[in-house]
Every structure is written in structure tokens, then in C-alpha cells.
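Have a look at model10.tsv below; it lists TSV, C-alpha atoms.
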chain	number	residue	atom	x	y	z
A	154	MET	CA	147.03	148.65	108.24
A	155	LYS	CA	143.36	148.53	107.20
A	156	ALA	CA	142.39	149.74	110.67
A	157	ILE	CA	144.96	152.54	110.48
A	158	ASP	CA	143.65	153.62	107.06
A	159	LYS	CA	140.12	153.87	108.49
A	160	VAL	CA	141.38	155.98	111.40
A	161	VAL	CA	143.30	158.25	109.00
A	162	LYS	CA	140.16	158.82	106.91
A	163	ARG	CA	138.17	159.79	110.02
A	164	LEU	CA	140.90	162.09	111.33
A	165	SER	CA	141.30	163.81	107.96
A	166	LYS	CA	137.63	164.93	108.14
A	167	ILE	CA	138.17	166.95	111.33
A	168	PRO	CA	137.79	170.68	110.54
A	169	LEU	CA	140.84	172.67	111.64
A	170	LYS	CA	140.81	176.24	112.93
A	171	ILE	CA	144.52	176.75	112.19
A	172	LYS	CA	147.19	174.89	110.26
A	173	PRO	CA	148.94	172.17	112.32
A	174	GLU	CA	152.37	173.65	111.55
A	175	GLU	CA	151.30	176.90	113.22
A	176	VAL	CA	150.56	175.23	116.56
A	177	PRO	CA	153.36	175.72	119.14
A	178	VAL	CA	154.82	172.39	120.26
A	179	VAL	CA	156.29	171.49	123.65
A	180	SER	CA	158.30	168.28	123.95
A	181	VAL	CA	157.69	166.15	127.05
A	182	ILE	CA	160.70	163.90	127.58
A	183	GLY	CA	162.47	162.15	130.46
A	184	GLU	CA	162.21	158.86	132.30
A	185	ILE	CA	160.58	156.28	130.04
A	186	PHE	CA	157.80	155.06	132.38
A	187	VAL	CA	156.87	158.39	133.97
A	188	ARG	CA	156.55	160.35	130.74
A	189	ARG	CA	154.21	157.82	129.13
A	190	ASP	CA	151.90	157.42	132.12
A	191	GLU	CA	149.03	159.92	132.31
A	192	PHE	CA	148.75	159.56	136.10
A	193	CYS	CA	152.45	160.39	136.57
A	194	ARG	CA	152.29	163.34	134.17
A	195	LYS	CA	149.40	164.72	136.21
A	196	ASN	CA	147.89	167.71	134.44
A	197	ILE	CA	150.97	168.83	132.50
A	198	THR	CA	149.71	167.83	129.05
A	199	ASP	CA	146.21	169.18	129.81
A	200	TYR	CA	147.73	172.43	131.07
A	201	LEU	CA	149.71	172.87	127.86
A	202	GLU	CA	146.80	171.97	125.58
A	203	ASN	CA	144.45	174.38	127.37
A	204	ARG	CA	146.93	177.15	126.58
A	205	GLY	CA	147.17	176.33	122.89
A	206	PHE	CA	150.26	174.11	122.89
A	207	ALA	CA	150.59	170.64	121.41
A	208	ALA	CA	152.28	168.32	123.91
A	209	LYS	CA	154.66	166.02	122.04
A	210	VAL	CA	155.40	163.14	124.41
A	211	ALA	CA	158.50	161.16	123.46
A	212	PRO	CA	157.41	157.66	122.33
A	213	ILE	CA	158.21	154.47	124.23
A	214	SER	CA	159.62	153.10	120.95
A	215	GLU	CA	162.61	155.40	121.50
A	216	PHE	CA	163.91	153.02	124.18
A	217	LEU	CA	163.33	150.00	121.94
A	218	CYS	CA	165.40	151.67	119.21
A	219	TYR	CA	168.05	152.59	121.77
A	220	SER	CA	168.24	148.99	123.01
A	221	ASN	CA	168.63	147.77	119.42
A	222	TYR	CA	171.36	150.35	118.84
A	223	VAL	CA	173.32	149.22	121.91
A	224	LEU	CA	173.13	145.55	120.96
A	225	ASN	CA	173.95	146.19	117.29
A	226	SER	CA	177.09	148.11	118.30
A	227	ASN	CA	178.50	144.86	119.77
A	228	PRO	CA	179.52	146.25	123.20
A	229	PRO	CA	182.33	144.24	124.83
A	230	ASP	CA	180.43	143.85	128.11
A	231	ILE	CA	177.46	142.06	126.50
A	232	GLU	CA	178.10	138.56	125.22
A	233	GLN	CA	176.20	137.61	122.05
A	234	THR	CA	176.48	134.63	119.79
A	235	LEU	CA	176.51	135.12	116.03
A	236	LYS	CA	172.93	133.86	115.89
A	237	GLU	CA	171.84	136.40	118.52
A	238	ARG	CA	173.56	139.26	116.68
A	239	ILE	CA	171.83	138.34	113.43
A	240	ARG	CA	168.47	138.07	115.20
A	241	VAL	CA	168.84	141.50	116.85
A	242	ARG	CA	169.88	143.14	113.57
A	243	LEU	CA	166.94	141.61	111.69
A	244	THR	CA	164.55	142.56	114.49
A	245	SER	CA	165.68	146.20	114.42
A	246	LYS	CA	165.37	146.31	110.61
A	247	LEU	CA	161.82	144.94	110.83
A	248	GLN	CA	160.86	147.40	113.56
A	249	ASP	CA	162.20	150.31	111.46
A	250	TRP	CA	160.21	149.06	108.45
A	251	TRP	CA	156.96	148.92	110.42
A	252	GLU	CA	157.62	152.30	112.05
A	253	ARG	CA	158.11	153.93	108.65
A	254	ARG	CA	155.05	152.21	107.17
A	255	ILE	CA	152.71	153.13	110.03
A	256	LYS	CA	153.92	156.72	110.32
A	257	THR	CA	153.71	157.26	106.55
A	258	ALA	CA	150.07	156.15	106.66
A	259	LEU	CA	149.27	158.37	109.67
A	260	ALA	CA	150.88	161.42	108.07
A	261	LYS	CA	148.17	161.40	105.38
A	262	CYS	CA	145.58	162.67	107.86
A	263	GLY	CA	147.31	166.05	108.08
A	264	LEU	CA	147.41	166.00	111.88
A	265	TYR	CA	150.65	164.07	112.24
A	266	LYS	CA	154.12	165.05	111.10
A	267	PHE	CA	156.15	162.12	109.79
A	268	GLU	CA	159.33	161.67	111.80
A	269	MET	CA	161.37	158.56	112.53
A	270	VAL	CA	162.82	158.05	116.01
A	271	GLU	CA	166.43	158.11	114.72
A	272	VAL	CA	168.11	157.38	118.02
A	273	GLU	CA	171.53	157.75	116.35
A	274	LYS	CA	170.88	161.48	115.87
A	275	THR	CA	169.79	161.77	119.50
A	276	LEU	CA	173.03	160.19	120.70
A	277	GLU	CA	175.01	162.37	118.30
A	278	ALA	CA	173.45	165.44	119.94
A	279	SER	CA	174.59	164.44	123.43
A	280	LYS	CA	177.90	162.63	122.87
A	281	HIS	CA	179.94	165.79	123.63
A	282	LEU	CA	178.22	166.00	127.03
A	283	ILE	CA	177.72	162.37	128.14
A	284	ASP	CA	179.84	159.36	127.29
A	285	ILE	CA	177.78	156.95	125.21
A	286	ARG	CA	178.92	154.13	127.53
A	287	LEU	CA	176.77	155.66	130.30
A	288	ARG	CA	173.62	153.84	129.27
A	289	GLY	CA	170.09	154.78	130.23
A	290	GLU	CA	167.66	157.67	130.03
A	291	ALA	CA	170.20	160.45	130.70
A	292	VAL	CA	171.92	160.24	127.31
A	293	LEU	CA	168.54	160.10	125.53
A	294	THR	CA	166.96	162.93	127.54
A	295	VAL	CA	169.87	165.32	126.96
A	296	GLY	CA	170.19	164.46	123.27
A	297	LEU	CA	166.46	164.67	122.54
A	298	ALA	CA	166.05	167.99	124.35
A	299	LEU	CA	168.86	169.60	122.35
A	300	ARG	CA	167.55	168.06	119.11
A	301	GLU	CA	163.93	169.10	119.59
A	302	ILE	CA	164.37	172.72	120.64
A	303	LEU	CA	164.10	175.05	117.61
A	304	HIS	CA	163.50	172.01	115.38
A	305	ASP	CA	159.89	171.16	116.20
A	306	SER	CA	159.56	172.49	119.72
A	307	CYS	CA	159.53	175.88	121.38
A	308	GLY	CA	160.00	174.37	124.84
A	309	VAL	CA	161.06	171.17	126.60
A	310	ILE	CA	159.74	169.60	129.80
A	311	SER	CA	161.78	166.79	131.34
A	312	ILE	CA	159.84	164.65	133.81
A	313	GLY	CA	161.09	161.87	136.06
A	314	PRO	CA	160.44	160.09	139.36
A	315	PHE	CA	161.44	161.75	142.61
A	316	GLY	CA	165.14	161.28	143.34
A	317	CYS	CA	165.89	159.57	140.00
A	318	MET	CA	169.64	159.90	139.34
A	319	PRO	CA	169.45	159.84	135.47
A	320	SER	CA	166.77	162.55	135.61
A	321	ARG	CA	168.89	164.74	137.88
A	322	VAL	CA	171.99	164.23	135.73
A	323	SER	CA	169.95	165.28	132.68
A	324	GLU	CA	168.53	168.30	134.53
A	325	ALA	CA	171.98	169.47	135.63
A	326	ILE	CA	173.34	169.28	132.07
A	327	LEU	CA	170.32	170.80	130.33
A	328	LYS	CA	170.04	173.75	132.69
A	329	LYS	CA	173.49	174.73	131.45
A	330	GLU	CA	173.11	173.71	127.79
A	331	MET	CA	169.57	174.84	126.88
A	332	ASN	CA	170.68	178.10	125.31
A	333	VAL	CA	172.16	179.43	122.08
A	334	ALA	CA	175.69	178.34	122.98
A	335	GLY	CA	174.52	174.80	123.79
A	336	LYS	CA	172.50	174.53	120.58
A	337	ALA	CA	175.46	175.83	118.55
A	338	ARG	CA	177.49	172.81	119.68
A	339	LEU	CA	175.20	170.50	117.71
A	340	PRO	CA	176.25	169.47	114.18
A	341	GLY	CA	174.60	171.75	111.61
A	342	TRP	CA	173.68	174.44	114.14
A	343	GLU	CA	177.09	176.10	114.48
A	344	LYS	CA	175.89	179.25	112.67
A	345	LYS	CA	172.09	178.94	112.69
A	346	ALA	CA	171.80	178.99	116.47
A	347	HIS	CA	173.26	182.49	116.73
A	348	GLU	CA	170.20	183.85	114.90
A	349	TYR	CA	168.45	183.38	118.26
A	350	ALA	CA	171.07	185.23	120.31
A	351	ASP	CA	168.40	187.63	121.63
A	352	ILE	CA	166.41	184.78	123.20
A	353	GLY	CA	168.87	183.90	125.96
A	354	ASP	CA	167.96	180.64	127.68
A	355	PHE	CA	165.51	178.36	125.90
A	356	PRO	CA	162.29	177.33	127.70
A	357	PHE	CA	163.17	174.29	129.81
A	358	LEU	CA	161.48	172.85	132.89
A	359	ALA	CA	162.52	169.80	134.92
A	360	VAL	CA	159.76	168.17	136.98
A	361	GLU	CA	160.04	165.41	139.59
A	362	THR	CA	156.92	163.49	140.59
A	363	ASP	CA	156.18	161.02	143.38
A	364	GLY	CA	152.46	160.67	142.66
A	365	SER	CA	151.41	163.57	144.89
A	366	PRO	CA	149.71	166.70	143.50
A	367	PHE	CA	152.20	169.22	142.14
A	368	PRO	CA	153.02	172.03	144.61
A	369	GLN	CA	152.22	175.65	143.84
A	370	LEU	CA	155.85	176.25	142.86
A	371	ILE	CA	155.54	173.81	139.95
A	372	GLU	CA	152.28	175.49	138.87
A	373	ALA	CA	154.01	178.88	138.90
A	374	ASN	CA	156.99	177.49	136.99
A	375	LEU	CA	154.63	175.98	134.41
A	376	GLU	CA	152.97	179.34	133.86
A	377	ALA	CA	156.33	181.08	133.39
A	378	PHE	CA	157.46	178.27	131.09
A	379	ALA	CA	154.33	178.58	128.92
A	380	LEU	CA	154.83	182.33	128.52
A	381	GLN	CA	158.47	181.88	127.54
A	382	ALA	CA	157.65	179.04	125.12
A	383	GLY	CA	154.93	181.14	123.49
A	384	ARG	CA	157.39	183.97	122.89
A	385	LEU	CA	159.99	181.61	121.38
A	386	HIS	CA	157.36	180.12	119.07
A	387	GLU	CA	156.37	183.56	117.81
A	388	PHE	CA	160.01	184.53	117.29
A	389	HIS	CA	160.87	181.22	115.55
A	390	HIS	CA	157.73	181.32	113.38
A	391	PHE	CA	158.51	184.92	112.35
A	392	ARG	CA	162.07	184.01	111.32
A	393	LYS	CA	160.88	181.04	109.25
A	394	ASN	CA	158.24	183.03	107.37
A	395	ARG	CA	159.81	186.44	106.91
Kindly return the structure encoded in the file as C-alpha cells.
Amino acid sequence: MKAIDKVVKRLSKIPLKIKPEEVPVVSVIGEIFVRRDEFCRKNITDYLENRGFAAKVAPISEFLCYSNYVLNSNPPDIEQTLKERIRVRLTSKLQDWWERRIKTALAKCGLYKFEMVEVEKTLEASKHLIDIRLRGEAVLTVGLALREILHDSCGVISIGPFGCMPSRVSEAILKKEMNVAGKARLPGWEKKAHEYADIGDFPFLAVETDGSPFPQLIEANLEAFALQAGRLHEFHHFRKNR
């Protein structure tokens, strides 16, 4: 924590041209290993940042929290002794405590928005589309995409390995649900989502990577995505501040 406090003090001295809350955010979600690896992401985050977007890459801790959630729900297909159940519950409580403590400290620098992973809310956002018993990235990708859009993000990019079945399941669902009607199916958004009826489909891009350079089609899709995300950010920012 002493090291984190020193980092926070250094970060807080960085002069800012605009307020952090005014920067458009794009969520980068998808398969756990691909999205966190800079080589696999290629130039997607650089592309977004060069065009004024903040790339918000879903943290690897999301899958740790999801694993804890599955084990703490006592699924019938996973055998656990009483001692193992207690250990998992205590471990998840300790991880939540450290997550909250570290993120609270980082938020003081003004460059980081405090937000817990809250995997339960992610699963709540996708349970009407995917059965929770279908474990893996698909349920998290769908739920997080629908949670993030219009909350913090003006666009969502889902990235996964070439031919990955969970990624393709997520893509098929989100291409249909990333719109006002899909957002309105989330708890608390039944009426709010219709304020964006003029937007149509929300900015969403699914990318598959096998390690090769992205083809020109992906580059063109990225450009169209950035334009659409910029327009949604302006529209959303206007509605919040009018």
C-alpha cells in the first residue's frame, strides 16, 4: 500500500487537458487471455487512444471473481467438503477486501474511477439470454457488454481467438442485443434506455485474432466503430449535462 500511495501521488501531479469524465471510453472485453495480452490485441488500444478514446480493458480479476461465485453457489456437479467451502468463501471475502482497498487508494489520483468488479451484476445482465449453468467467457462477455454500454462506455469491442466458440456465441447474441431494446431488458433500464431511441444500434465490434496482422476489413470496421462511438459519447454527454 505504501508503494501504491507513492504512485498515486505521482499520478495526481500529471497536468490534465480535459476532465477524465469527459473522455469517451470504449470497453475491450472478451476471451480472458486474448484481451489482456498486448500482442493479441495488436494495435486496437493504440488506435483508440490515438483518436481520443480511453480503452477500458476488462480486468483478469473478473474471472477470479466469477470462479469464486461459481464455487460459492455450491453447484451440484462440483464436490466440495465443508472445509473447502469455508476456505473458498473466506478467500473471496479477502479478495474483495483487497480489491476495494487498492481501488479506493488509486481513485485518489483523479485518473481512475472506483468500480468493483461485481460479477453478480454482470451475470444478472445476461441471465435472460444465457443460462447461468453455461459456464465460461460467453456469459461474462454478454453481461459486461450490456452493463458497460451507456454506463461508462460509448462502445464495446469483443475480442477472442480465431474460431473460439464462446466468443462466437457472445458475438451472435450481442449483434442482436446491442441496441435500445436489448438495453431496456436490463433491470433499471426499462424506461431510461428509450431516451436513446434515435441512436439505433450501439457501437459494437467483434474481432477474432490468430496472431496475424489485422486485415483491411478490420481496420475499416474500426474506423466506422470509432466514428459511431464518438457520436454516442457526444449524445450521452449532452443528455447528462443538459
Practice prompt. Can you work out which one of A:Val360, A:Glu290, A:Cys317, A:Val210 has the shortest atom-to-atom distance to Glu191 of chain A, counting only C-alpha atoms?
Written response: A:Val210
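Computed from the coordinates, the atom CA of Ile283 of chain A to atom CA of Val322 of chain A distance equals 9.7 Å.
Using all atoms listed in the file, the shortest contact distance between Asp351 of chain A and any of A:Arg321, A:Ser365, A:Ala379, A:Ala334 is found at A:Ala334.
If you measure from each of A:Ala382, A:Ala208, A:Ala278, A:Ala325 to Leu339 of chain A using all atoms listed in the file, the closest one turns out to be A:Ala278.
By only C-alpha atoms, and with residues fewer than 3 positions from segment 223-227 of chain A along its chain excluded, the set lying at most 12 Å from it is Phe216, Leu217, Cys218, Tyr219, Ser220, Asp230, Ile231, Glu232, Gln233, Thr234, Leu235, Glu237, Arg238, Ile239, Arg240, Val241, Arg242, Leu243, Thr244, Ser245, Lys246, Val272, Glu273, Leu276, Ile285, Arg286, Leu287, Arg288 and Gly289 of chain A.
Interatomic distance, atom CA of Tyr349 of chain A to atom CA of Ala337 of chain A: 10.3 Å.
Note that the spacing between atom CA of Leu297 of chain A and atom CA of Val176 of chain A amounts to 20.0 Å.
Using all atoms listed in the file, the shortest contact distance between Asp190 of chain A and any of A:Met331, A:Ala260, A:Ile312, A:Ile326 is found at A:Ile312.
Each of A:Lys274, A:Asp249, A:Arg189, A:Asn196 was compared to Gly341 of chain A using all atoms listed in the file, and A:Lys274 turns out to be the nearest.
If all atoms listed in the file are the atoms counted, then among A:Lys256, A:Glu215, A:Leu303, A:Lys209 the closest residue to Thr275 of chain A is A:Glu215.
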Worksheet entry | Selection near Val295 of chain A, 8 Å with all atoms listed in the file, sequence-local residues under 3 positions removed, as a PyMOL selection string | chain A and resi 278-279+291-292+298-299+323+326-327
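Using all atoms listed in the file, the protein and nucleic acid residues lying no more than 9 Å from Gly364 of chain A, apart from those fewer than 4 places from it along its own chain, are Phe192, Cys193, Arg194, Lys195 and Pro314 of chain A.
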Please produce an output containing C-alpha atoms for each residue in the selection, written as a PDB file, keeping the file's coordinate frame.
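Resulting contents of selection.pdb:
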ATOM      1  CA  PHE A 192     148.750 159.560 136.100  1.00  0.00           C
ATOM      2  CA  CYS A 193     152.450 160.390 136.570  1.00  0.00           C
ATOM      3  CA  ARG A 194     152.290 163.340 134.170  1.00  0.00           C
ATOM      4  CA  LYS A 195     149.400 164.720 136.210  1.00  0.00           C
ATOM      5  CA  PRO A 314     160.440 160.090 139.360  1.00  0.00           C
TER       6      PRO A 314
END
Practice prompt. Find the spatial neighbours of Glu324 of chain A, counting only C-alpha atoms, within a cut-off of 10 Å - ignore same-chain residues fewer than 5 positions away - and output them as a list in words.
Written response: Gly183, Ala291, Thr294, Val295, Ser311, Ile312, Gly313, Met318, Pro319, Lys329, Glu330, Phe357, Leu358, Ala359 and Val360 of chain A
Item to complete: Would you mind listing what lies within 9 Å of segment 375-377 of chain A as a ChimeraX atom specification, with all atoms listed in the file counted and same-chain residues fewer than 6 positions away left out?
Response: /A:197,200-201,358
Export of prior selection with C-alpha atoms as a short mmCIF file (atom, residue, chain, number, x, y, z; two decimals), keeping the file's coordinate frame:
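Listing of part_22.cif after writing:
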data_model
loop_
_atom_site.label_atom_id
_atom_site.label_comp_id
_atom_site.auth_asym_id
_atom_site.auth_seq_id
_atom_site.Cartn_x
_atom_site.Cartn_y
_atom_site.Cartn_z
CA ILE A 197 150.97 168.83 132.50
CA TYR A 200 147.73 172.43 131.07
CA LEU A 201 149.71 172.87 127.86
CA LEU A 358 161.48 172.85 132.89
#
